[in-house]
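S.K.: Just dropping this structure here.
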Amino acid sequence: MDLYSRLGEHSYRRPVLVMCLDGWIDAGLGAAAAVTAVLAGRPTERVAVWDADELIDHRARRPVLHVDSGVARSIAWPDIELRAMLDDADHDVLVLTGPEPDMRWHRFSASVVELAKLLDVRLAVGLGAFPAPVPHTRPVRLVATAPTPELASQVGFMPGSIEVPAGIQAVLERELTEAGVPALGLWARVPHYVVSMPYPAASAALVDGLASVAGVVLPSAELHDAASRARTRIDELIANSEEHRSMVAQLEGQVDGESAAAQPELDPSRLPSGDEIAAELERFLRGEG
């Protein structure tokens, strides 16, 4: 049985695939708000939808019942779907959204790879945000997970080795890469003390990073405006506590003291293009890396 249904047989012009499935780490709702901003106000069409009964534990992710004056009007079920849109320069963009599957990760990953190949995806980019010991008074720094050491060096990364539980997007990035579709993850570092509240600065940084690495045109002005307002509110809260002011000052010193060599960071102006990433991946898959 097919795990997803293809809706129509539309063709797309070498689209970028944006992946943001909720259920794993998303500090400050950075990735979720970034994708919402990308999709907001744009005509979209549904390209594919996955069988939720095969992938989602509805006891863990219950559908939402709408009750109006005692009358059960409707039930909204969680869906994993692929939508298509155009950016501001008429480039095709595909967006994979919905809850992270609770089961059948191997089959789900295979189905996403299958669709990516069918739709001629040129680059896949996963979005995420994680808590970090950084201050809100400094620009959000992005780091990446990439398929090769060369790309990791170009894009920016957290130095050192670490083993962490993987989300489905990490699996998709790996499976897509092995299938010849360049894929990487962009992660925003969010101050650990604001992770429980929306942090639009992270969302703005993710949209800007996505636009740069994927060669698409996506507006982020509203997110930057929201980030400025959030910065003012956080400043006011921090100002009321000597302990909090001291903590922020310590974090500022730590971040300012990080050398570029010791803490490579993602600078959108230096990001490789999607074509450069594809060429590097092809070289890697040929065994030259």
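So you can find residues: chains in the structure tokens are A, B, ... in the order shown, residues in each start at 1, and ligands are numbered from 1 in order.
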Taking the backbone alone, and naming residues the way the document does, which bits of stretch 7-225 of chain A are strand (DSSP E) by DSSP, as a count of residues only?
M.R.: 61
S.K.: At a cut-off of 12 Å, using only C-alpha atoms, what residues contact A:Pro191? Leave out same-chain residues fewer than 6 positions from it and give the result as a PyMOL selection string.
M.R.: chain A and resi 27-28+30+129-141+197-202+231+234+247-248+251-252+255
S.K.: Where in stretch 9-137 of chain A does DSSP assign helix (DSSP H, G or I), given as an NGL selection string?
M.R.: :A and (27-39 or 52-55 or 105-118)
S.K.: Measuring between only C-alpha atoms, which one of A:Ala166, A:Gly98, A:Glu242, A:Met85 shows the shortest distance to A:Ala40?
M.R.: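 Of A:Ala166, A:Gly98, A:Glu242, A:Met85, the one nearest A:Ala40 is A:Met85, counting only C-alpha atoms.
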S.K.: Between atom CA of A:Arg229 and atom CA of A:Asp22, measure the distance and give it in Å to one decimal.
M.R.: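 For atom CA of A:Arg229 relative to atom CA of A:Asp22, the distance reads 25.4 Å.
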S.K.: What does the distance between atom CA of A:Arg6 and atom CA of A:Val49 come to in Å, to one decimal place?
M.R.: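 Atom-to-atom, atom CA of A:Arg6 to atom CA of A:Val49, that is 6.9 Å.
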S.K.: May I have the residues within 9 Å of A:Ala89 as an MDAnalysis selection string, using only C-alpha atoms and disregarding those fewer than 2 positions away in the same chain?
M.R.: chainID A and resid 86:87 91 216:218
S.K.: Generate a file of the selected residues that holds N, CA, C and O atoms, formatted as a JSON list (two decimals), in the first residue's frame.
M.R.:
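Contents of result35.json, as written:
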```
[["chain", "number", "residue", "atom", "x", "y", "z"],
["A", 86, "LEU", "N", 5.44, 29.60, -5.19],
["A", 86, "LEU", "CA", 6.45, 30.36, -5.90],
["A", 86, "LEU", "C", 7.03, 31.40, -4.95],
["A", 86, "LEU", "O", 6.31, 32.01, -4.16],
["A", 87, "ASP", "N", 8.35, 31.62, -5.04],
["A", 87, "ASP", "CA", 8.94, 32.69, -4.25],
["A", 87, "ASP", "C", 8.73, 34.02, -4.98],
["A", 87, "ASP", "O", 8.03, 34.09, -5.99],
["A", 91, "HIS", "N", 10.53, 31.33, -8.47],
["A", 91, "HIS", "CA", 11.18, 30.03, -8.35],
["A", 91, "HIS", "C", 10.22, 29.07, -7.65],
["A", 91, "HIS", "O", 9.50, 29.46, -6.73],
["A", 216, "VAL", "N", 16.73, 31.45, -3.40],
["A", 216, "VAL", "CA", 15.35, 31.86, -3.58],
["A", 216, "VAL", "C", 15.16, 33.23, -2.94],
["A", 216, "VAL", "O", 16.00, 33.71, -2.18],
["A", 217, "VAL", "N", 14.03, 33.87, -3.26],
["A", 217, "VAL", "CA", 13.75, 35.22, -2.76],
["A", 217, "VAL", "C", 12.56, 35.15, -1.82],
["A", 217, "VAL", "O", 11.43, 34.92, -2.24],
["A", 218, "LEU", "N", 12.83, 35.33, -0.53],
["A", 218, "LEU", "CA", 11.80, 35.21, 0.49],
["A", 218, "LEU", "C", 11.86, 36.42, 1.42],
["A", 218, "LEU", "O", 12.93, 36.74, 1.94]]
```
S.K.: Could you check which of A:Val190, A:Leu17, A:Leu3, A:Ile162 is closest to A:Leu119, using only C-alpha atoms?
M.R.: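 The closest residue to A:Leu119 is A:Leu17.
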S.K.: Find the residues around A:Leu55 up to 7 Å (only C-alpha atoms counted), leave out those fewer than 4 positions away in its own chain, and share them as a list in words.
M.R.: Asp51, Pro101, Asp102, Met103 and Arg104 of chain A
S.K.: How many Å separate atom CA of A:Ala179 from atom CA of A:Val113?
M.R.: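 Between atom CA of A:Ala179 and atom CA of A:Val113 the gap works out to 7.2 Å.
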S.K.: Find the residues around A:Leu115 up to 12 Å (only C-alpha atoms counted), leave out those fewer than 3 positions away in its own chain, and share them as an NGL selection string.
M.R.: :A and (3-7 or 9 or 11-12 or 15 or 17 or 47-50 or 81-82 or 94 or 96 or 108-112 or 118-121 or 124 or 176 or 179 or 181)
S.K.: Find the spatial neighbours of A:Asp57, counting only C-alpha atoms, within a cut-off of 12 Å - ignore same-chain residues fewer than 3 positions away - and output them as a ChimeraX atom specification.
M.R.: /A:51-54,60-63,77-79,99-104
S.K.: Which one of A:Arg59, A:Arg189, A:His10, A:Arg233 sits closest to A:Val143 if you count only C-alpha atoms?
M.R.: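 Closest to A:Val143 of all the choices is A:Arg189.
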